[in-house]
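Shown here: my_file16.cif, mmCIF, C-alpha atoms.
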data_input
#
loop_
_atom_site.label_atom_id
_atom_site.label_comp_id
_atom_site.auth_asym_id
_atom_site.auth_seq_id
_atom_site.Cartn_x
_atom_site.Cartn_y
_atom_site.Cartn_z
CA MET F 1 -122.09 -207.86 8.83
CA LEU F 2 -120.06 -209.47 6.07
CA LEU F 3 -118.14 -212.62 6.92
CA ALA F 4 -114.80 -210.88 6.23
CA GLU F 5 -115.75 -207.98 8.56
CA LYS F 6 -116.76 -210.40 11.28
CA ALA F 7 -113.47 -212.30 10.94
CA ALA F 8 -111.48 -209.04 11.09
CA ARG F 9 -113.39 -207.94 14.20
CA ASN F 10 -112.75 -211.29 15.89
CA GLU F 11 -109.03 -211.03 15.03
CA MET F 12 -108.86 -207.53 16.55
CA LYS F 13 -110.50 -208.83 19.76
CA ARG F 14 -108.00 -211.69 19.85
CA SER F 15 -105.08 -209.30 19.31
CA ILE F 16 -106.24 -207.01 22.11
CA MET F 17 -106.74 -209.99 24.40
CA GLU F 18 -103.15 -211.00 23.63
CA LEU F 19 -102.08 -207.58 24.96
CA ALA F 20 -104.13 -208.25 28.09
CA LEU F 21 -102.43 -211.65 28.39
CA GLU F 22 -99.03 -209.91 28.15
CA GLU F 23 -100.05 -207.67 31.05
CA ALA F 24 -101.21 -210.76 32.97
CA ARG F 25 -97.86 -212.48 32.40
CA ALA F 26 -96.01 -209.38 33.60
CA ALA F 27 -98.21 -209.28 36.71
CA GLY F 28 -97.41 -212.94 37.39
CA ASP F 29 -93.70 -212.21 36.97
CA ARG F 30 -94.08 -209.55 39.68
CA GLY F 31 -95.70 -212.11 41.98
CA GLU F 32 -99.17 -210.70 41.45
CA VAL F 33 -102.18 -212.80 40.44
CA PRO F 34 -101.80 -212.85 36.63
CA VAL F 35 -104.69 -210.74 35.39
CA GLY F 36 -104.35 -208.15 32.64
CA ALA F 37 -106.70 -205.55 31.16
CA VAL F 38 -106.74 -203.25 28.14
CA VAL F 39 -109.13 -200.36 27.42
CA VAL F 40 -109.70 -199.47 23.76
CA LYS F 41 -111.75 -196.71 22.16
CA ASP F 42 -112.11 -196.18 18.41
CA GLY F 43 -109.27 -198.62 17.79
CA VAL F 44 -106.89 -196.69 20.07
CA ILE F 45 -105.45 -198.30 23.20
CA LEU F 46 -106.12 -195.92 26.07
CA ALA F 47 -104.63 -198.07 28.83
CA ARG F 48 -103.15 -201.47 29.56
CA GLU F 49 -102.49 -202.72 33.06
CA GLY F 50 -101.91 -205.80 35.17
CA ASN F 51 -102.72 -206.51 38.80
CA ARG F 52 -100.63 -204.51 41.29
CA THR F 53 -102.33 -205.14 44.63
CA ILE F 54 -99.17 -206.38 46.36
CA GLU F 55 -96.82 -203.85 44.76
CA ARG F 56 -99.05 -200.93 45.77
CA ALA F 57 -100.37 -202.45 49.01
CA ASP F 58 -103.78 -201.57 47.61
CA PRO F 59 -106.63 -204.08 47.52
CA THR F 60 -108.31 -202.04 44.76
CA ALA F 61 -105.31 -202.19 42.40
CA HIS F 62 -106.91 -204.83 40.17
CA ALA F 63 -105.97 -204.72 36.49
CA GLU F 64 -109.43 -203.49 35.49
CA MET F 65 -109.48 -200.72 38.07
CA LEU F 66 -106.03 -199.47 37.07
CA ALA F 67 -106.86 -199.59 33.36
CA ILE F 68 -110.17 -197.76 33.89
CA ARG F 69 -108.44 -195.07 35.97
CA ALA F 70 -105.70 -194.59 33.36
CA ALA F 71 -108.19 -194.48 30.47
CA ALA F 72 -110.38 -191.96 32.30
CA ALA F 73 -107.32 -189.80 32.95
CA ALA F 74 -106.28 -190.06 29.29
CA LEU F 75 -109.74 -188.88 28.19
CA GLY F 76 -110.16 -186.37 31.00
CA SER F 77 -113.56 -187.86 31.83
CA GLU F 78 -115.07 -190.22 34.37
CA ARG F 79 -117.14 -191.79 31.58
CA LEU F 80 -115.64 -194.18 29.06
CA VAL F 81 -118.60 -194.16 26.70
CA ASP F 82 -117.90 -196.18 23.53
CA ALA F 83 -114.79 -197.72 25.11
CA ASP F 84 -114.28 -201.46 25.39
CA LEU F 85 -112.51 -203.36 28.16
CA HIS F 86 -110.63 -206.60 27.48
CA VAL F 87 -109.64 -208.52 30.61
CA THR F 88 -108.21 -211.99 31.08
CA LEU F 89 -110.47 -213.00 33.99
CA GLU F 90 -114.16 -212.45 34.72
CA PRO F 91 -114.37 -209.24 36.79
CA CYS F 92 -115.07 -209.35 40.53
CA PRO F 93 -117.95 -207.33 42.06
CA MET F 94 -115.77 -204.24 42.61
CA CYS F 95 -114.48 -204.23 39.04
CA ALA F 96 -117.87 -205.07 37.55
CA ALA F 97 -119.37 -202.08 39.37
CA ALA F 98 -116.55 -199.79 38.15
CA ILE F 99 -117.17 -201.00 34.58
CA SER F 100 -120.82 -200.04 34.96
CA PHE F 101 -120.07 -196.67 36.55
CA ALA F 102 -117.56 -195.87 33.79
CA ARG F 103 -120.19 -196.73 31.16
CA ILE F 104 -117.89 -199.16 29.35
CA ARG F 105 -119.62 -200.19 26.11
CA ARG F 106 -118.36 -203.77 25.79
CA LEU F 107 -116.68 -206.16 28.18
CA TYR F 108 -114.59 -208.97 26.69
CA PHE F 109 -113.13 -211.43 29.14
CA GLY F 110 -111.10 -214.60 28.98
CA CYS F 111 -111.87 -217.25 31.57
CA ASP F 112 -114.73 -217.29 34.01
CA ASP F 113 -114.22 -217.04 37.77
CA PRO F 114 -116.70 -219.31 39.57
CA LYS F 115 -115.43 -218.22 43.01
CA GLY F 116 -114.96 -214.47 42.59
CA GLY F 117 -116.63 -213.43 39.36
CA ALA F 118 -119.63 -211.10 39.28
CA VAL F 119 -120.66 -211.17 35.62
CA GLU F 120 -121.67 -214.74 34.76
CA ASN F 121 -121.02 -216.11 38.25
CA GLY F 122 -121.65 -214.94 41.80
CA VAL F 123 -123.78 -211.83 42.19
CA ARG F 124 -124.23 -211.34 38.41
CA LEU F 125 -124.17 -207.59 38.90
CA TYR F 126 -125.45 -206.68 35.45
CA SER F 127 -128.61 -208.74 36.03
CA SER F 128 -129.52 -206.69 39.09
CA PRO F 129 -132.44 -204.27 38.65
CA THR F 130 -130.37 -201.61 40.45
CA CYS F 131 -127.61 -201.74 37.82
CA HIS F 132 -127.99 -198.63 35.67
CA HIS F 133 -125.57 -199.54 32.89
CA ARG F 134 -124.97 -202.99 31.45
CA PRO F 135 -122.11 -203.44 28.98
CA GLU F 136 -122.37 -205.90 26.14
CA ILE F 137 -120.59 -209.02 27.40
CA TYR F 138 -118.41 -211.41 25.40
CA SER F 139 -116.77 -214.20 27.39
CA GLY F 140 -114.36 -216.99 26.58
CA ILE F 141 -111.89 -214.90 24.53
CA ASP F 142 -108.59 -216.83 24.74
CA ALA F 143 -110.01 -218.52 27.85
CA GLY F 144 -107.58 -221.43 27.66
CA ALA F 145 -104.52 -219.19 27.74
CA ALA F 146 -105.92 -217.08 30.58
CA ARG F 147 -106.89 -220.16 32.59
CA ALA F 148 -103.45 -221.74 32.05
CA LEU F 149 -101.70 -218.62 33.37
CA LEU F 150 -103.78 -218.68 36.54
CA ARG F 151 -103.50 -222.45 37.00
CA ASP F 152 -99.70 -222.40 36.60
CA PHE F 153 -99.34 -219.38 38.89
CA PHE F 154 -101.26 -221.01 41.73
CA ARG F 155 -99.74 -224.46 41.16
CA GLU F 156 -96.27 -222.97 41.78
CA ARG F 157 -97.45 -221.52 45.08
CA ARG F 158 -99.00 -224.70 46.51
#
C-alpha cells encoding of this file:
Amino acid sequence: MLLAEKAARNEMKRSIMELALEEARAAGDRGEVPVGAVVVKDGVILAREGNRTIERADPTAHAEMLAIRAAAAALGSERLVDADLHVTLEPCPMCAAAISFARIRRLYFGCDDPKGGAVENGVRLYSSPTCHHRPEIYSGIDAGAARALLRDFFRERR
C-alpha cells in the first residue's frame, strides 16, 4: 500500500471514530454510559448509535448491539460481511459475540476496557477455539478522547 493510501485510510478511520465519539457524547448527555458505535460498508455509513440501556430499560441496548441491529435491518440480512464496526470502547462479551455472529470484517475500537472488555481483556472471545469468526482488530483509535469521555462521565457521578 502506498504511503498516501495508508494515510488516507487512517484519516477515514479517524473520521469514522469521530462520528462514534459524537454518538458517545450524545449518550453521555442522555445520562447513559458514553459509548458510541458506527457500522460502515463500502464507505457508506449503515448505522450510528450510542448506548441506550437506561432509556430503553434494556440491558442489551449497548451501542454496538443497536448499530449492528440497524445495519442488519438496512441491508436486510443477519450477516454484515465486509462491514466494519467502529466503537469507542472495547466490546463486552455480549457485543463481541454479536460482532462474530454478524461476521463483521473489521473491528476498530478506541480505549480498552480492563474490567468488562472481551477482545484484548477478559475472556478474549476471538481467541477461543469455539469462536467461528474473528474480525480483524484495530485498537487504540482516538483512545485518549474515548477514555476522557468515560473518565469525566464517571467522575461527575462519584
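With distances taken over all atoms listed in the file, F:Leu150 is the one residue among F:Ala145, F:Leu150, F:Ala71, F:Ile104 lying closest to Gly28 of chain F.
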Ground truth for the PyMOL selection byres ((chain F and resi 113-124) around 12), written as a PyMOL selection string: chain F and resi 35+88-100+107-112+125-131+134-140+143+146-147+150
Contacts of Arg48 of chain F within 12 Å, all atoms listed in the file, excl. fewer than 4 positions in-chain, as a VMD selection string: chain F and resid 16 to 24 26 to 27 35 to 40 44 62 to 71 74 84 to 88
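Coordinates place atom CA of Ala61 of chain F at a distance of 21.8 Å from atom CA of Asp152 of chain F.
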Atom CA of Thr53 of chain F to atom CA of Gly31 of chain F, distance in Å rounded to a single decimal: 10.0 Å
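Taking atom CA of Asp58 of chain F as the reference point, atom CA of Ile141 of chain F is found at 27.9 Å.
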